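As stored in protein-v1.pdb (PDB, C-alpha atoms):
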ATOM      1  CA  MET A  29       0.000   0.000   0.000
ATOM      2  CA  LYS A  30       2.760   2.393   0.980
ATOM      3  CA  ARG A  31       4.639   1.480  -2.185
ATOM      4  CA  ASN A  32       1.607   2.294  -4.332
ATOM      5  CA  ILE A  33       1.298   5.682  -2.639
ATOM      6  CA  SER A  34       4.995   6.380  -3.226
ATOM      7  CA  VAL A  35       4.676   5.487  -6.911
ATOM      8  CA  TYR A  36       1.623   7.749  -7.153
ATOM      9  CA  ILE A  37       3.477  10.672  -5.565
ATOM     10  CA  VAL A  38       6.495  10.150  -7.812
ATOM     11  CA  GLY A  39       4.203  10.122 -10.825
ATOM     12  CA  ILE A  40       2.579  13.412  -9.793
ATOM     13  CA  LEU A  41       5.966  15.031  -9.201
ATOM     14  CA  ALA A  42       7.141  13.855 -12.610
ATOM     15  CA  LEU A  43       4.085  15.383 -14.275
ATOM     16  CA  LEU A  44       4.602  18.655 -12.391
ATOM     17  CA  LEU A  45       8.251  18.739 -13.412
ATOM     18  CA  LEU A  46       7.313  18.082 -17.034
ATOM     19  CA  SER A  47       4.747  20.886 -16.922
ATOM     20  CA  VAL A  48       7.285  23.311 -15.467
ATOM     21  CA  ASN A  49       9.801  22.357 -18.132
ATOM     22  CA  MET A  50       7.237  22.902 -20.889
ATOM     23  CA  ILE A  51       6.305  26.320 -19.516
ATOM     24  CA  THR A  52       9.976  27.259 -19.183
ATOM     25  CA  LEU A  53      10.647  26.128 -22.741
ATOM     26  CA  GLN A  54       7.729  28.169 -24.050
ATOM     27  CA  LYS A  55       8.944  31.257 -22.185
ATOM     28  CA  TYR A  56      12.419  30.697 -23.584
ATOM     29  CA  LYS A  57      11.085  30.487 -27.140
ATOM     30  CA  THR A  58       9.046  33.644 -26.642
ATOM     31  CA  LEU A  59      12.041  35.498 -25.216
ATOM     32  CA  LYS A  60      14.304  34.245 -27.993
ATOM     33  CA  LYS A  61      11.829  35.405 -30.647
ATOM     34  CA  TYR A  62      11.588  38.827 -28.982
ATOM     35  CA  CYS A  63      15.366  39.194 -28.869
ATOM     36  CA  GLN A  64      15.678  38.195 -32.517
ATOM     37  CA  GLU A  65      13.089  40.791 -33.504
ATOM     38  CA  GLN A  66      14.920  43.471 -31.539
ATOM     39  CA  ILE A  67      18.262  42.529 -33.089
ATOM     40  CA  ALA A  68      16.713  42.636 -36.574
ATOM     41  CA  ASP A  69      15.525  46.197 -35.939
ATOM     42  CA  LYS A  70      18.870  47.696 -34.999
ATOM     43  CA  SER A  71      17.629  51.273 -35.378
ATOM     44  CA  ILE A  72      15.599  51.095 -32.182
ATOM     45  CA  THR A  73      17.320  48.359 -30.209
ATOM     46  CA  GLY A  74      18.375  49.725 -26.838
ATOM     47  CA  GLN A  75      16.870  53.209 -27.266
ATOM     48  CA  LYS A  76      13.277  51.997 -27.343
ATOM     49  CA  GLU A  77      13.821  49.592 -24.483
ATOM     50  CA  MET A  78      15.422  52.342 -22.436
ATOM     51  CA  ALA A  79      12.524  54.733 -23.126
ATOM     52  CA  LEU A  80      10.013  52.064 -22.117
ATOM     53  CA  TRP A  81      11.946  51.279 -18.955
ATOM     54  CA  VAL A  82      12.261  54.949 -17.988
ATOM     55  CA  ASN A  83       8.531  55.483 -18.431
ATOM     56  CA  SER A  84       7.690  52.361 -16.434
ATOM     57  CA  GLN A  85       9.712  53.803 -13.558
ATOM     58  CA  ILE A  86       7.991  57.165 -13.964
ATOM     59  CA  ALA A  87       4.576  55.526 -13.816
ATOM     60  CA  PHE A  88       5.557  53.717 -10.620
ATOM     61  CA  SER A  89       6.843  56.829  -8.855
ATOM     62  CA  VAL A  90       4.470  59.570 -10.043
ATOM     63  CA  ASN A  91       1.083  58.129 -10.958
ATOM     64  CA  GLY A  92      -1.427  58.616  -8.171
ATOM     65  CA  MET A  93       0.257  61.703  -6.737
ATOM     66  CA  LYS A  94      -1.838  64.790  -6.058
ATOM     67  CA  MET A  95      -1.100  67.912  -8.046
ATOM     68  CA  PRO A  96      -0.468  71.063  -5.961
ATOM     69  CA  ASN A  97      -2.911  73.927  -6.486
ATOM     70  CA  ILE A  98      -0.437  76.123  -8.342
ATOM     71  CA  LEU A  99      -1.224  79.552  -9.783
ATOM     72  CA  LEU A 100      -1.305  79.649 -13.584
ATOM     73  CA  LYS A 101      -0.220  82.971 -15.065
ATOM     74  CA  GLU A 102      -1.368  84.204 -18.457
ATOM     75  CA  TYR A 103       0.692  86.469 -20.700
ATOM     76  CA  ASN A 104      -1.324  89.502 -19.607
ATOM     77  CA  GLY A 105      -0.446  88.828 -15.973
ATOM     78  CA  VAL A 106      -3.841  87.456 -14.917
ATOM     79  CA  THR A 107      -3.528  84.433 -12.628
ATOM     80  CA  ILE A 108      -5.902  81.555 -11.977
ATOM     81  CA  PRO A 109      -5.570  78.727  -9.424
ATOM     82  CA  LEU A 110      -5.278  75.340 -11.053
ATOM     83  CA  GLU A 111      -8.277  74.012  -9.117
ATOM     84  CA  GLU A 112     -10.341  76.880 -10.528
ATOM     85  CA  TYR A 113      -9.082  76.081 -14.041
ATOM     86  CA  MET A 114     -10.134  72.441 -13.596
ATOM     87  CA  LYS A 115     -13.732  73.271 -12.654
ATOM     88  CA  GLY A 116     -16.037  71.815 -15.276
ATOM     89  CA  ARG A 117     -13.253  69.666 -16.715
ATOM     90  CA  LYS A 118     -13.160  65.934 -16.094
ATOM     91  CA  GLU A 119      -9.576  65.492 -17.275
ATOM     92  CA  VAL A 120      -6.910  67.459 -19.108
ATOM     93  CA  LEU A 121      -3.644  66.437 -20.693
ATOM     94  CA  VAL A 122      -0.883  68.481 -19.071
ATOM     95  CA  VAL A 123       2.256  69.159 -21.102
ATOM     96  CA  ARG A 124       5.070  70.608 -19.017
ATOM     97  CA  VAL A 125       7.817  72.641 -20.715
ATOM     98  CA  ASN A 126      10.589  74.848 -19.397
ATOM     99  CA  GLU A 127      13.137  77.119 -21.050
ATOM    100  CA  LEU A 128      15.835  75.262 -19.088
ATOM    101  CA  TYR A 129      14.816  71.858 -20.462
ATOM    102  CA  CYS A 130      16.408  70.193 -23.498
ATOM    103  CA  SER A 131      15.276  72.587 -26.255
ATOM    104  CA  ASP A 132      15.144  69.935 -28.984
ATOM    105  CA  CYS A 133      12.996  67.778 -26.709
ATOM    106  CA  VAL A 134      10.620  70.666 -26.010
ATOM    107  CA  ASN A 135      10.331  71.426 -29.726
ATOM    108  CA  PHE A 136       9.694  67.756 -30.459
ATOM    109  CA  ILE A 137       6.685  67.338 -28.174
ATOM    110  CA  LEU A 138       5.207  70.761 -28.948
ATOM    111  CA  GLN A 139       5.437  70.135 -32.692
ATOM    112  CA  LYS A 140       3.578  66.875 -32.192
ATOM    113  CA  ILE A 141       0.939  68.581 -30.086
ATOM    114  CA  GLY A 142       0.541  71.324 -32.678
ATOM    115  CA  ARG A 143       0.257  68.831 -35.514
ATOM    116  CA  LEU A 144      -2.005  66.265 -33.856
ATOM    117  CA  SER A 145      -4.192  68.391 -31.585
ATOM    118  CA  LYS A 146      -7.186  68.665 -33.913
ATOM    119  CA  GLU A 147      -6.986  65.068 -35.097
ATOM    120  CA  LEU A 148      -6.858  63.784 -31.515
ATOM    121  CA  ASN A 149      -9.403  66.244 -30.090
ATOM    122  CA  LEU A 150      -6.831  67.863 -27.805
ATOM    123  CA  ASP A 151      -7.652  71.496 -28.603
ATOM    124  CA  GLU A 152      -9.959  71.943 -25.602
ATOM    125  CA  ASN A 153      -8.395  69.216 -23.493
ATOM    126  CA  ILE A 154      -4.785  70.275 -23.130
ATOM    127  CA  LEU A 155      -3.043  72.431 -20.553
ATOM    128  CA  LEU A 156       0.400  73.730 -21.464
ATOM    129  CA  ILE A 157       2.391  74.714 -18.373
ATOM    130  CA  GLY A 158       5.681  76.531 -18.918
ATOM    131  CA  SER A 159       8.434  78.283 -17.026
ATOM    132  CA  TYR A 160       9.675  81.125 -19.201
ATOM    133  CA  GLN A 161      11.342  84.218 -17.828
ATOM    134  CA  SER A 162      11.375  85.667 -21.322
ATOM    135  CA  SER A 163       7.941  86.528 -22.691
ATOM    136  CA  THR A 164       9.549  86.650 -26.147
ATOM    137  CA  ALA A 165      10.527  82.977 -25.874
ATOM    138  CA  ARG A 166       7.012  81.995 -24.847
ATOM    139  CA  ARG A 167       5.395  83.965 -27.680
ATOM    140  CA  TYR A 168       7.844  82.324 -30.098
ATOM    141  CA  LEU A 169       6.647  78.900 -28.968
ATOM    142  CA  GLU A 170       2.976  79.792 -29.305
ATOM    143  CA  LYS A 171       3.474  81.299 -32.764
ATOM    144  CA  ASN A 172       5.891  78.852 -34.364
ATOM    145  CA  MET A 173       4.599  75.611 -32.855
ATOM    146  CA  LYS A 174       0.982  76.430 -33.824
ATOM    147  CA  LEU A 175      -0.209  75.348 -30.402
ATOM    148  CA  PRO A 176      -3.920  74.838 -29.664
ATOM    149  CA  SER A 177      -3.843  76.934 -26.476
ATOM    150  CA  THR A 178      -1.776  79.462 -24.586
ATOM    151  CA  VAL A 179       1.261  78.483 -22.542
ATOM    152  CA  PHE A 180       0.557  79.290 -18.892
ATOM    153  CA  ASP A 181       3.512  80.158 -16.713
ATOM    154  CA  ILE A 182       3.765  79.079 -13.096
ATOM    155  CA  GLU A 183       3.358  81.985 -10.737
ATOM    156  CA  ASN A 184       5.123  80.408  -7.756
ATOM    157  CA  GLY A 185       8.067  78.030  -8.230
ATOM    158  CA  ASP A 186       7.864  74.627  -9.884
ATOM    159  CA  LEU A 187       5.338  71.805  -9.695
ATOM    160  CA  SER A 188       7.062  70.069  -6.767
ATOM    161  CA  LEU A 189       7.112  66.808  -8.713
ATOM    162  CA  PRO A 190      10.055  64.380  -9.093
ATOM    163  CA  LEU A 191       9.901  64.880 -12.869
ATOM    164  CA  GLU A 192      10.955  68.512 -12.453
ATOM    165  CA  GLU A 193      14.512  67.354 -11.756
ATOM    166  CA  ASP A 194      15.052  65.423 -14.990
ATOM    167  CA  GLY A 195      15.491  68.355 -17.388
ATOM    168  CA  PHE A 196      13.058  67.015 -20.004
ATOM    169  CA  PRO A 197       9.510  67.966 -20.974
ATOM    170  CA  TYR A 198       6.854  65.570 -19.745
ATOM    171  CA  CYS A 199       3.147  64.875 -19.957
ATOM    172  CA  PHE A 200       0.466  63.471 -17.691
ATOM    173  CA  LEU A 201      -3.275  63.253 -17.416
ATOM    174  CA  LEU A 202      -4.754  65.386 -14.634
ATOM    175  CA  SER A 203      -8.146  64.340 -13.289
ATOM    176  CA  SER A 204     -10.742  66.630 -11.742
ATOM    177  CA  ASP A 205      -9.695  65.581  -8.222
ATOM    178  CA  MET A 206      -6.115  66.722  -9.012
ATOM    179  CA  THR A 207      -4.727  63.183  -9.320
ATOM    180  CA  ILE A 208      -1.832  62.600 -11.733
ATOM    181  CA  LEU A 209      -2.193  59.659 -14.123
ATOM    182  CA  HIS A 210      -0.270  58.281 -17.110
ATOM    183  CA  ALA A 211       2.927  60.292 -16.585
ATOM    184  CA  PHE A 212       5.187  60.113 -19.630
ATOM    185  CA  ILE A 213       8.498  61.544 -20.847
ATOM    186  CA  PRO A 214       8.567  61.710 -24.675
ATOM    187  CA  ASP A 215      11.802  60.627 -26.352
ATOM    188  CA  LYS A 216      12.543  62.342 -29.672
ATOM    189  CA  ALA A 217      14.737  59.363 -30.647
ATOM    190  CA  VAL A 218      11.685  57.072 -30.497
ATOM    191  CA  PRO A 219       8.829  59.203 -31.891
ATOM    192  CA  ASP A 220       6.395  56.302 -32.194
ATOM    193  CA  LEU A 221       6.126  56.091 -28.413
ATOM    194  CA  ALA A 222       4.927  59.699 -28.225
ATOM    195  CA  ASN A 223       2.486  59.110 -31.093
ATOM    196  CA  ASN A 224       1.023  56.058 -29.352
ATOM    197  CA  TYR A 225       0.837  57.838 -26.013
ATOM    198  CA  LEU A 226      -1.113  60.792 -27.406
ATOM    199  CA  LYS A 227      -3.430  58.567 -29.436
ATOM    200  CA  ASN A 228      -4.142  56.279 -26.479
ATOM    201  CA  ILE A 229      -4.869  59.207 -24.163
ATOM    202  CA  SER A 230      -7.171  60.745 -26.771
ATOM    203  CA  GLN A 231      -9.066  57.512 -27.452
ATOM    204  CA  ARG A 232      -9.546  56.720 -23.793
ATOM    205  CA  TYR A 233     -10.487  60.153 -22.464
ATOM    206  CA  PHE A 234     -11.304  62.677 -25.193
ATOM    207  CA  GLN A 235     -13.052  60.924 -28.073
ATOM    208  CA  THR A 236     -16.719  61.787 -28.217
ATOM    209  CA  ASN A 237     -17.842  59.053 -30.634
TER     210      ASN A 237
END
Rewrite the structure of this file - the entire thing - as structure tokens.
Amino acid sequence: MKRNISVYIVGILALLLLSVNMITLQKYKTLKKYCQEQIADKSITGQKEMALWVNSQIAFSVNGMKMPNILLKEYNGVTIPLEEYMKGRKEVLVVRVNELYCSDCVNFILQKIGRLSKELNLDENILLIGSYQSSTARRYLEKNMKLPSTVFDIENGDLSLPLEEDGFPYCFLLSSDMTILHAFIPDKAVPDLANNYLKNISQRYFQTN
């Protein structure tokens, strides 16, 4: 009787081991195929993976944070608290730029916004927040990037977010309760990621049909 039980247990363990080996083999094949595809596309190997990794870390550290009630300053000097600006809005896509950030990176995301805003229904759903000491520089952006809305400056300091320290423009969705979602740093070396990000945000939050 005991021998039969032992044989039964050994048989179960053998089946479990076989199942684990099959799963491991399948994962190996999947990983190998992925690596081969990445190697075949040498133009994005490394850069795309790095951009994806960076944004995964951003999502982990920033999403769910509460946005401070900063004062937004218009070109004419009029200020409005962010919470007041958000009244009547369910969500907005915030695009954060700064004259101290990588200028090519700022131009990259603003050109995309300018080009895709109508197609993606962002015209009324985007908030551009800048930090520009020079009003000339801000007007240049608004004129040459063909932006859908004005660039608000921050009246008092920065946004007090970890992303402020990175020196790159960034985006996130801001909900009506001032919660930050879907934080993202666009990478001009991998433009498809920015395209997909803007399209996904638009489809999920701003499409009306």
* Asked: Quick one: residues within 9 Å of Glu152 of chain A, only C-alpha atoms counted, chain neighbours fewer than 2 positions away excluded, as a list in words?
  -> Val120, Asn149, Leu150, Ile154, Leu155, Pro176 and Ser177 of chain A
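When the PyMOL selection byres ((chain A and resi 75-79) around 9) is evaluated against the file, it yields Ser71, Ile72, Thr73, Gly74, Leu80, Trp81, Val82, Asn83, Ser84, Ile213, Pro214, Asp215, Ala217, Val218 and Leu221 of chain A.
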* Asked: Could you name the residues that touch Tyr225 of chain A at 12 Å or less, counting only C-alpha atoms, but leaving out those on the same chain fewer than 5 positions away, as a list in words?
  ->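 Near neighbours after the sequence-gap exclusion: Leu80, Asn83, Leu121, Ile137, Lys140, Ile141, Leu144, Leu148, Tyr198, Cys199, Phe200, Leu201, His210, Ala211, Phe212, Ile213, Pro214, Asp215, Val218, Pro219, Asp220, Ser230, Gln231 and Arg232 of chain A.
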For segment 86-147 of chain A versus segment 188-191 of chain A, which residues have an atom no more than 9 Å away, and what is each residue's nearest atom pair and distance in Å rounded to one decimal, using only C-alpha atoms, chain-then-number order, as JSON lines?
{"residue": "A:Ile86", "atom": "CA", "partner": "A:Leu191", "partner_atom": "CA", "distance": 8.0}
{"residue": "A:Ser89", "atom": "CA", "partner": "A:Pro190", "partner_atom": "CA", "distance": 8.2}
{"residue": "A:Val90", "atom": "CA", "partner": "A:Pro190", "partner_atom": "CA", "distance": 7.4}
{"residue": "A:Met93", "atom": "CA", "partner": "A:Leu189", "partner_atom": "CA", "distance": 8.8}
{"residue": "A:Met95", "atom": "CA", "partner": "A:Leu189", "partner_atom": "CA", "distance": 8.3}
{"residue": "A:Pro96", "atom": "CA", "partner": "A:Ser188", "partner_atom": "CA", "distance": 7.6}
Long-range neighbours of Val125 of chain A as a PDB file with C-alpha atoms, in the coordinates of the input, 8 Å cut-off, only C-alpha atoms, 5 positions minimum in chain:
ATOM      1  CA  VAL A 134      10.620  70.666 -26.010  1.00  0.00           C
ATOM      2  CA  LEU A 156       0.400  73.730 -21.464  1.00  0.00           C
ATOM      3  CA  ILE A 157       2.391  74.714 -18.373  1.00  0.00           C
ATOM      4  CA  GLY A 158       5.681  76.531 -18.918  1.00  0.00           C
ATOM      5  CA  SER A 159       8.434  78.283 -17.026  1.00  0.00           C
ATOM      6  CA  PHE A 196      13.058  67.015 -20.004  1.00  0.00           C
ATOM      7  CA  PRO A 197       9.510  67.966 -20.974  1.00  0.00           C
ATOM      8  CA  TYR A 198       6.854  65.570 -19.745  1.00  0.00           C
TER       9      TYR A 198
END
* How many Å lie between atom CA of Glu102 of chain A and atom CA of Val179 of chain A, rounded to one decimal? -> 7.5 Å
